[in-house]
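Peer 1: Input structure: coords00.cif, which contains mmCIF, C-alpha atoms (C1' of nucleotides).
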data_coords
loop_
_atom_site.label_atom_id
_atom_site.label_comp_id
_atom_site.auth_asym_id
_atom_site.auth_seq_id
_atom_site.Cartn_x
_atom_site.Cartn_y
_atom_site.Cartn_z
CA MET A 90 -3.93 14.63 -1.86
CA LYS A 91 -0.27 15.01 -2.60
CA LEU A 92 2.23 13.95 0.08
CA SER A 93 2.58 10.29 0.83
CA ARG A 94 -0.91 9.02 0.28
CA GLU A 95 -0.98 6.90 3.41
CA LEU A 96 -0.84 9.97 5.60
CA VAL A 97 -3.85 11.66 4.25
CA LYS A 98 -6.56 9.15 4.91
CA GLY A 99 -9.47 9.78 7.13
CA THR A 100 -9.47 13.54 7.21
CA SER A 101 -11.20 14.22 3.89
CA ALA A 102 -14.73 14.43 5.23
CA MET A 103 -13.61 16.67 8.09
CA LEU A 104 -11.83 19.06 5.74
CA VAL A 105 -14.80 19.25 3.39
CA LEU A 106 -17.20 19.93 6.25
CA SER A 107 -14.81 22.51 7.58
CA VAL A 108 -14.78 24.68 4.45
CA LEU A 109 -18.54 24.30 4.06
CA SER A 110 -19.09 25.47 7.62
CA GLN A 111 -18.31 29.00 6.46
CA LYS A 112 -20.25 29.19 3.24
CA ASP A 113 -22.00 27.08 0.64
CA LEU A 114 -19.66 25.94 -2.13
CA TYR A 115 -19.67 23.63 -5.13
CA GLY A 116 -17.22 20.80 -5.72
CA TYR A 117 -14.71 22.58 -7.85
CA MET A 118 -14.49 25.50 -5.43
CA ILE A 119 -14.08 23.21 -2.43
CA ILE A 120 -10.92 21.87 -4.01
CA ARG A 121 -9.62 25.38 -4.74
CA GLU A 122 -10.51 26.57 -1.25
CA LEU A 123 -8.66 23.66 0.38
CA GLU A 124 -5.59 24.40 -1.71
CA LEU A 125 -5.75 28.01 -0.64
CA ARG A 126 -6.24 27.35 3.06
CA SER A 127 -3.63 24.62 3.24
CA GLU A 128 -1.23 26.86 1.35
CA THR A 129 -1.04 24.19 -1.39
CA VAL A 130 0.16 21.48 1.00
CA PHE A 131 -2.66 19.36 -0.31
CA SER A 132 -4.98 19.29 -3.26
CA MET A 133 -7.94 16.96 -2.98
CA ASN A 134 -8.52 14.69 -5.96
CA GLU A 135 -11.92 14.85 -7.64
CA GLY A 136 -12.13 11.09 -7.40
CA THR A 137 -11.90 11.55 -3.65
CA LEU A 138 -14.10 14.59 -3.25
CA TYR A 139 -17.25 13.62 -5.13
CA PRO A 140 -17.82 10.29 -3.37
CA VAL A 141 -17.27 12.07 -0.05
CA LEU A 142 -19.83 14.76 -0.94
CA HIS A 143 -22.39 12.19 -2.06
CA ALA A 144 -21.92 10.11 1.07
CA LEU A 145 -22.25 13.15 3.34
CA GLU A 146 -25.37 14.20 1.48
CA ALA A 147 -26.90 10.72 1.68
CA GLU A 148 -26.49 10.82 5.46
CA ARG A 149 -27.95 14.34 5.73
CA PHE A 150 -24.75 16.00 6.83
CA LEU A 151 -25.00 18.12 3.69
CA GLU A 152 -27.80 19.35 1.45
CA ALA A 153 -27.28 20.07 -2.22
CA TYR A 154 -28.94 22.50 -4.62
CA TRP A 155 -28.22 23.57 -8.18
CA GLU A 156 -27.59 27.16 -9.15
CA GLU A 157 -26.61 28.80 -12.40
CA HIS A 158 -24.03 31.57 -12.68
CA ASP A 159 -22.51 32.91 -15.89
CA GLY A 160 -24.22 30.19 -17.86
CA ARG A 161 -22.63 27.49 -15.70
CA LYS A 162 -24.63 25.08 -13.61
CA ARG A 163 -23.07 24.45 -10.25
CA LYS A 164 -24.10 22.08 -7.49
CA TYR A 165 -23.80 23.87 -4.18
CA TYR A 166 -23.53 22.10 -0.87
CA HIS A 167 -24.89 23.42 2.40
CA ILE A 168 -23.92 22.01 5.79
CA THR A 169 -26.82 20.94 8.02
CA LYS A 170 -27.09 21.12 11.80
CA LYS A 171 -26.30 17.43 11.85
CA GLY A 172 -23.25 18.15 9.70
CA GLN A 173 -22.05 20.85 12.07
CA LYS A 174 -22.30 18.43 14.93
CA LEU A 175 -20.31 15.83 13.01
CA LEU A 176 -17.67 18.42 12.19
CA ALA A 177 -17.32 19.38 15.85
CA GLU A 178 -16.85 15.72 16.79
CA LYS A 179 -14.30 15.09 14.06
CA LYS A 180 -12.33 18.18 14.99
CA GLU A 181 -12.21 17.11 18.61
CA GLU A 182 -11.05 13.62 17.62
CA TRP A 183 -8.45 14.98 15.29
CA GLN A 184 -7.01 17.18 17.99
CA VAL A 185 -6.87 14.38 20.54
CA TYR A 186 -5.24 12.10 18.02
CA ALA A 187 -2.74 14.67 16.71
CA GLU A 188 -1.64 15.48 20.24
CA ALA A 189 -1.17 11.79 21.07
CA VAL A 190 0.91 11.28 17.94
CA ALA A 191 3.00 14.30 18.88
CA ARG A 192 3.62 12.80 22.32
CA VAL A 193 4.80 9.51 20.83
CA LEU A 194 7.09 11.29 18.36
CA ASN A 195 8.52 13.61 20.98
CA CYS A 196 9.16 10.75 23.41
CA ALA A 197 11.40 9.23 20.78
CA GLU A 198 13.39 12.44 20.46
CA ALA A 199 14.06 12.84 24.16
CA MET B 5 -6.70 1.83 17.08
CA LYS B 6 -9.65 3.09 19.02
CA LEU B 7 -11.17 6.45 18.03
CA SER B 8 -12.96 6.63 14.74
CA ARG B 9 -10.99 4.24 12.62
CA GLU B 10 -10.87 6.55 9.63
CA LEU B 11 -8.74 9.02 11.47
CA VAL B 12 -5.96 6.72 12.34
CA LYS B 13 -4.82 5.55 8.98
CA GLY B 14 -1.38 6.03 7.61
CA THR B 15 0.51 6.70 10.80
CA SER B 16 1.00 3.13 12.00
CA ALA B 17 4.38 2.57 10.41
CA MET B 18 5.63 5.94 11.65
CA LEU B 19 4.55 5.23 15.21
CA VAL B 20 6.16 1.79 15.20
CA LEU B 21 9.42 3.17 13.82
CA SER B 22 9.27 5.92 16.39
CA VAL B 23 9.20 3.64 19.44
CA LEU B 24 11.85 1.39 17.90
CA SER B 25 14.15 4.36 17.33
CA GLN B 26 14.86 4.37 21.07
CA LYS B 27 15.34 0.69 21.75
CA ASP B 28 14.76 -2.77 20.30
CA LEU B 29 11.36 -4.16 21.24
CA TYR B 30 9.16 -7.12 20.41
CA GLY B 31 5.61 -6.92 19.11
CA TYR B 32 3.71 -7.21 22.33
CA MET B 33 5.85 -4.54 23.99
CA ILE B 34 5.47 -2.16 21.05
CA ILE B 35 1.74 -2.17 21.65
CA ARG B 36 2.19 -1.57 25.38
CA GLU B 37 4.74 1.17 24.74
CA LEU B 38 2.40 2.99 22.32
CA GLU B 39 -0.41 2.84 24.86
CA LEU B 40 1.88 4.29 27.47
CA ARG B 41 3.26 7.10 25.33
CA SER B 42 -0.09 8.07 23.86
CA GLU B 43 -1.56 8.03 27.36
CA THR B 44 -4.00 5.34 26.17
CA VAL B 45 -5.44 7.49 23.38
CA PHE B 46 -4.74 4.61 21.06
CA SER B 47 -3.96 0.94 21.29
CA MET B 48 -2.67 -0.69 18.13
CA ASN B 49 -4.40 -3.89 17.11
CA GLU B 50 -2.22 -6.99 16.67
CA GLY B 51 -3.82 -7.52 13.28
CA THR B 52 -2.45 -4.11 12.34
CA LEU B 53 0.95 -4.35 13.99
CA TYR B 54 2.29 -7.67 12.75
CA PRO B 55 1.72 -7.03 9.05
CA VAL B 56 3.34 -3.61 9.48
CA LEU B 57 6.38 -5.16 11.19
CA HIS B 58 6.75 -7.81 8.51
CA ALA B 59 6.45 -5.27 5.71
CA LEU B 60 9.02 -2.96 7.31
CA GLU B 61 11.38 -5.91 7.80
CA ALA B 62 10.94 -7.08 4.20
CA GLU B 63 11.99 -3.63 3.00
CA ARG B 64 15.00 -3.52 5.38
CA PHE B 65 13.67 -0.72 7.51
CA LEU B 66 13.81 -3.15 10.43
CA GLU B 67 15.86 -6.22 11.33
CA ALA B 68 14.47 -8.98 13.51
CA TYR B 69 16.15 -11.43 15.89
CA TRP B 70 14.84 -13.93 18.41
CA GLU B 71 15.81 -13.83 22.07
CA GLU B 72 14.71 -15.82 25.07
CA HIS B 73 13.97 -14.29 28.45
CA ASP B 74 12.32 -16.05 31.40
CA GLY B 75 11.62 -19.06 29.20
CA ARG B 76 9.73 -16.90 26.67
CA LYS B 77 10.84 -16.55 23.09
CA ARG B 78 10.46 -13.03 21.80
CA LYS B 79 11.09 -11.59 18.37
CA TYR B 80 12.91 -8.32 18.75
CA TYR B 81 12.97 -5.65 16.07
CA HIS B 82 15.87 -3.29 15.48
CA ILE B 83 15.63 -0.18 13.34
CA THR B 84 18.18 0.12 10.51
CA LYS B 85 19.85 3.24 9.14
CA LYS B 86 17.38 3.06 6.28
CA GLY B 87 14.56 2.84 8.81
CA GLN B 88 15.79 5.92 10.65
CA LYS B 89 15.84 7.82 7.40
CA LEU B 90 12.28 6.71 6.65
CA LEU B 91 11.17 7.76 10.13
CA ALA B 92 12.68 11.21 9.68
CA GLU B 93 10.85 11.63 6.39
CA LYS B 94 7.55 10.45 7.80
CA LYS B 95 7.83 12.74 10.80
CA GLU B 96 8.51 15.70 8.55
CA GLU B 97 5.54 14.83 6.37
CA TRP B 98 3.30 14.37 9.37
CA GLN B 99 4.22 17.77 10.74
CA VAL B 100 3.64 19.53 7.43
CA TYR B 101 0.31 17.80 7.03
CA ALA B 102 -0.87 18.34 10.61
CA GLU B 103 -0.07 22.03 10.36
CA ALA B 104 -1.95 22.35 7.07
CA VAL B 105 -5.00 20.62 8.57
CA ALA B 106 -4.83 22.98 11.53
CA ARG B 107 -4.80 25.96 9.17
CA VAL B 108 -7.90 24.72 7.37
CA LEU B 109 -9.72 24.04 10.64
CA ASN B 110 -8.77 27.37 12.13
CA CYS B 111 -9.82 29.27 9.02
CA ALA B 112 -13.28 27.87 9.52
CA GLU B 113 -13.41 29.14 13.07
CA ALA B 114 -12.40 32.69 12.27
"C1'" DA C 3 -5.80 -28.94 40.79
"C1'" DA C 4 -8.47 -26.25 37.71
"C1'" DT C 5 -9.28 -22.08 35.48
"C1'" DA C 6 -8.69 -17.48 33.93
"C1'" DA C 7 -5.85 -13.90 32.41
"C1'" DA C 8 -1.78 -12.28 30.63
"C1'" DT C 9 1.97 -12.92 27.48
"C1'" DA C 10 3.54 -13.84 22.80
"C1'" DC C 11 3.43 -15.12 18.00
"C1'" DC C 12 0.64 -15.14 13.63
"C1'" DT C 13 -3.01 -15.24 9.34
"C1'" DT C 14 -7.34 -14.59 6.89
"C1'" DG C 15 -11.30 -12.22 5.23
"C1'" DT C 16 -13.72 -7.98 5.03
"C1'" DA C 17 -14.50 -3.09 5.04
"C1'" DA C 18 -13.14 1.49 4.35
"C1'" DT C 19 -10.66 4.99 1.95
"C1'" DA C 20 -8.27 7.30 -1.70
"C1'" DC C 21 -6.92 8.00 -6.27
"C1'" DG C 22 -5.69 7.54 -11.15
"C1'" DA C 23 -7.95 7.19 -15.24
"C1'" DT C 24 -11.56 8.22 -17.80
"C1'" DG C 25 -15.75 10.35 -19.65
"C1'" DC C 26 -18.83 14.29 -20.71
"C1'" DA C 27 -19.72 19.22 -21.47
"C1'" DT C 28 -18.99 24.37 -21.70
"C1'" DA C 29 -16.26 28.68 -21.52
"C1'" DT C 30 -12.24 31.33 -21.90
"C1'" DA C 31 -7.64 32.40 -23.20
"C1'" DT C 32 -3.91 31.89 -26.61
"C1'" DA D 107 -8.10 26.43 -33.81
"C1'" DT D 108 -6.55 24.69 -29.73
"C1'" DA D 109 -5.43 24.34 -25.15
"C1'" DT D 110 -6.63 25.29 -20.59
"C1'" DA D 111 -9.83 25.96 -17.09
"C1'" DT D 112 -14.22 25.02 -15.25
"C1'" DG D 113 -17.58 21.70 -13.67
"C1'" DC D 114 -19.96 17.30 -12.98
"C1'" DA D 115 -19.32 12.27 -12.32
"C1'" DT D 116 -17.98 6.94 -12.13
"C1'" DC D 117 -15.05 2.74 -12.18
"C1'" DG D 118 -11.31 -0.24 -11.04
"C1'" DT D 119 -7.36 -0.79 -8.28
"C1'" DA D 120 -4.39 -0.36 -4.34
"C1'" DT D 121 -3.71 0.43 0.36
"C1'" DT D 122 -4.68 0.16 5.07
"C1'" DA D 123 -6.75 -1.41 9.27
"C1'" DC D 124 -9.11 -4.52 12.02
"C1'" DA D 125 -12.09 -8.14 13.92
"C1'" DA D 126 -11.91 -12.72 14.41
"C1'" DG D 127 -9.64 -16.64 14.75
"C1'" DG D 128 -5.65 -19.83 15.76
"C1'" DT D 129 -1.45 -21.67 18.60
"C1'" DA D 130 1.26 -21.93 22.80
"C1'" DT D 131 3.30 -20.78 27.39
"C1'" DT D 132 3.27 -18.65 31.98
"C1'" DT D 133 1.30 -16.59 35.99
"C1'" DA D 134 -2.40 -15.52 39.05
"C1'" DT D 135 -6.69 -16.83 41.10
"C1'" DT D 136 -10.00 -19.76 43.15
#
Just dump the structure as structure tokens.
Peer 2:
Amino acid sequence: MKLSRELVKGTSAMLVLSVLSQKDLYGYMIIRELELRSETVFSMNEGTLYPVLHALEAERFLEAYWEEHDGRKRKYYHITKKGQKLLAEKKEEWQVYAEAVARVLNCAEA
Amino acid sequence: MKLSRELVKGTSAMLVLSVLSQKDLYGYMIIRELELRSETVFSMNEGTLYPVLHALEAERFLEAYWEEHDGRKRKYYHITKKGQKLLAEKKEEWQVYAEAVARVLNCAEA
DNA sequence: AATAAATACCTTGTAATACGATGCATATAT
DNA sequence: ATATATGCATCGTATTACAAGGTATTTATT
């Protein structure tokens, strides 16, 4: 991620699950999709993404399969039911947390 | 912090600076103040807070002084001009980032 | 009077997370 | 011919947070 790196932590898995909740994608496209949806505010590093994908797969939040298009082999990831549940939880937590942070920051302005 | 610990990272320094931007406080009260303002969504661990305070002081974002009240010695922290500038930057970054995350999450809902 | 809980400071070791650098390979554009 | 884009991946390092532990005083409870 660009931006100050401290800010970004913790949300990677949620963001990956979020894009995969719409359609199956492979690593490279997940990065492009996140850039697009965030309007280039962030760009996930490959060194961040692949370990996240492997960890989510190992815990059955994602399932992977290989497919070939245009002579290129791509590893697609599919979100499982378990993964959808995790995403819902992470989204809820994010919202609660973001709102609490906003309250603290706004207090200081008043 | 409570909540899933992954979520919380990166915002500690910003939150500390934020409460100190209103008035000088000592460590113990910073924790209480954050609980109050977040409506108990989070409670910063002492093992998180003190290293953050010391790092911010070392870099001149904060200045510390001891004061005694009711027979208790307390180490108060005061935000510097430099610290206020850092806070403003971190708030801006947080807002940009939080909005981008929201866009990604909302895309997935549509 | 004894004990527990709150107040107040702090450090150390461990775990989690992210990322830069690097490596490999193919395809397309210049 | 060469650079850029596509596509997978790992390794070492840095950062961050926290649980656990330590010290000491004051206040509330029994």
Peer 1: Once the PyMOL selection byres ((chain B) within 10 of (chain C)) has been evaluated on this model, what residues remain selected, and can you format them as a PyMOL selection string?
Peer 2: chain B and resi 9-10+13+30-33+50-51+54-55+76-79
Peer 1: Translate the PyMOL selection byres ((chain A and resi 190) around 12) into a concrete residue list for this structure, as a PyMOL selection string.
Peer 2: (chain A and resi 183-189+191-197) or (chain B and resi 11-12+14-16+18-20+22-23+38-47+95+98-99+102)
Peer 1: Could you write out the selected residues, including C-alpha atoms, as a short mmCIF file (atom, residue, chain, number, x, y, z; two decimals), in the coordinates of the input?
Peer 2:
data_model
loop_
_atom_site.label_atom_id
_atom_site.label_comp_id
_atom_site.auth_asym_id
_atom_site.auth_seq_id
_atom_site.Cartn_x
_atom_site.Cartn_y
_atom_site.Cartn_z
CA TRP A 183 -8.45 14.98 15.29
CA GLN A 184 -7.01 17.18 17.99
CA VAL A 185 -6.87 14.38 20.54
CA TYR A 186 -5.24 12.10 18.02
CA ALA A 187 -2.74 14.67 16.71
CA GLU A 188 -1.64 15.48 20.24
CA ALA A 189 -1.17 11.79 21.07
CA ALA A 191 3.00 14.30 18.88
CA ARG A 192 3.62 12.80 22.32
CA VAL A 193 4.80 9.51 20.83
CA LEU A 194 7.09 11.29 18.36
CA ASN A 195 8.52 13.61 20.98
CA CYS A 196 9.16 10.75 23.41
CA ALA A 197 11.40 9.23 20.78
CA LEU B 11 -8.74 9.02 11.47
CA VAL B 12 -5.96 6.72 12.34
CA GLY B 14 -1.38 6.03 7.61
CA THR B 15 0.51 6.70 10.80
CA SER B 16 1.00 3.13 12.00
CA MET B 18 5.63 5.94 11.65
CA LEU B 19 4.55 5.23 15.21
CA VAL B 20 6.16 1.79 15.20
CA SER B 22 9.27 5.92 16.39
CA VAL B 23 9.20 3.64 19.44
CA LEU B 38 2.40 2.99 22.32
CA GLU B 39 -0.41 2.84 24.86
CA LEU B 40 1.88 4.29 27.47
CA ARG B 41 3.26 7.10 25.33
CA SER B 42 -0.09 8.07 23.86
CA GLU B 43 -1.56 8.03 27.36
CA THR B 44 -4.00 5.34 26.17
CA VAL B 45 -5.44 7.49 23.38
CA PHE B 46 -4.74 4.61 21.06
CA SER B 47 -3.96 0.94 21.29
CA LYS B 95 7.83 12.74 10.80
CA TRP B 98 3.30 14.37 9.37
CA GLN B 99 4.22 17.77 10.74
CA ALA B 102 -0.87 18.34 10.61
#
Peer 1: Evaluate the PyMOL selection byres ((chain D) within 7 of (chain B)) on the structure here and hand back the selected residues as a VMD selection string.
Peer 2: chain D and resid 122 to 124
Peer 1: Rounded to one decimal place, report the atom C1' of DA109 of chain D-atom CA of Trp155 of chain A distance in Å.
Peer 2: 28.4 Å
Peer 1: Could you please determine the separation between atom CA of Arg121 of chain A and atom C1' of DC114 of chain D in Å, to one decimal place?
Peer 2: 15.5 Å
Peer 1: Which residue, A:Ala102, A:Asp113, A:Arg149, A:Ala144, has the smallest gap to His167 of chain A when you use all atoms listed in the file?
Peer 2: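 That would be A:Asp113, the residue with the smallest distance to His167 of chain A.
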Peer 1: Would you compute an axis-aligned box for segment 107-116 of chain D, covering every atom listed for it in the file with 4 Å of margin on each side, and report centre and edge lengths in Å to one decimal as JSON?
Peer 2:
{"center_x": -12.7, "center_y": 16.7, "center_z": -23.0, "size_x": 22.5, "size_y": 27.5, "size_z": 29.7}
Peer 1: Quick check, in Å to one decimal: how far apart do atom CA of Tyr81 of chain B and atom C1' of DT133 of chain D lie?
Peer 2: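 Atom C1' of DT133 of chain D lies 25.5 Å from atom CA of Tyr81 of chain B.
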Peer 1: Nearest residue to chain B out of A:Glu157, A:Glu178, A:Glu152, A:Glu146, using all atoms listed in the file?
Peer 2: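 Residue with the minimum atom-to-atom distance to chain B: A:Glu178.
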Peer 1: Under the rule that all atoms listed in the file are counted, which of B:Ala92, B:Ala62, B:Leu29, B:Ala68 is the nearest residue to chain A?
Peer 2: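 So, comparing all the options, the nearest one is B:Ala92.
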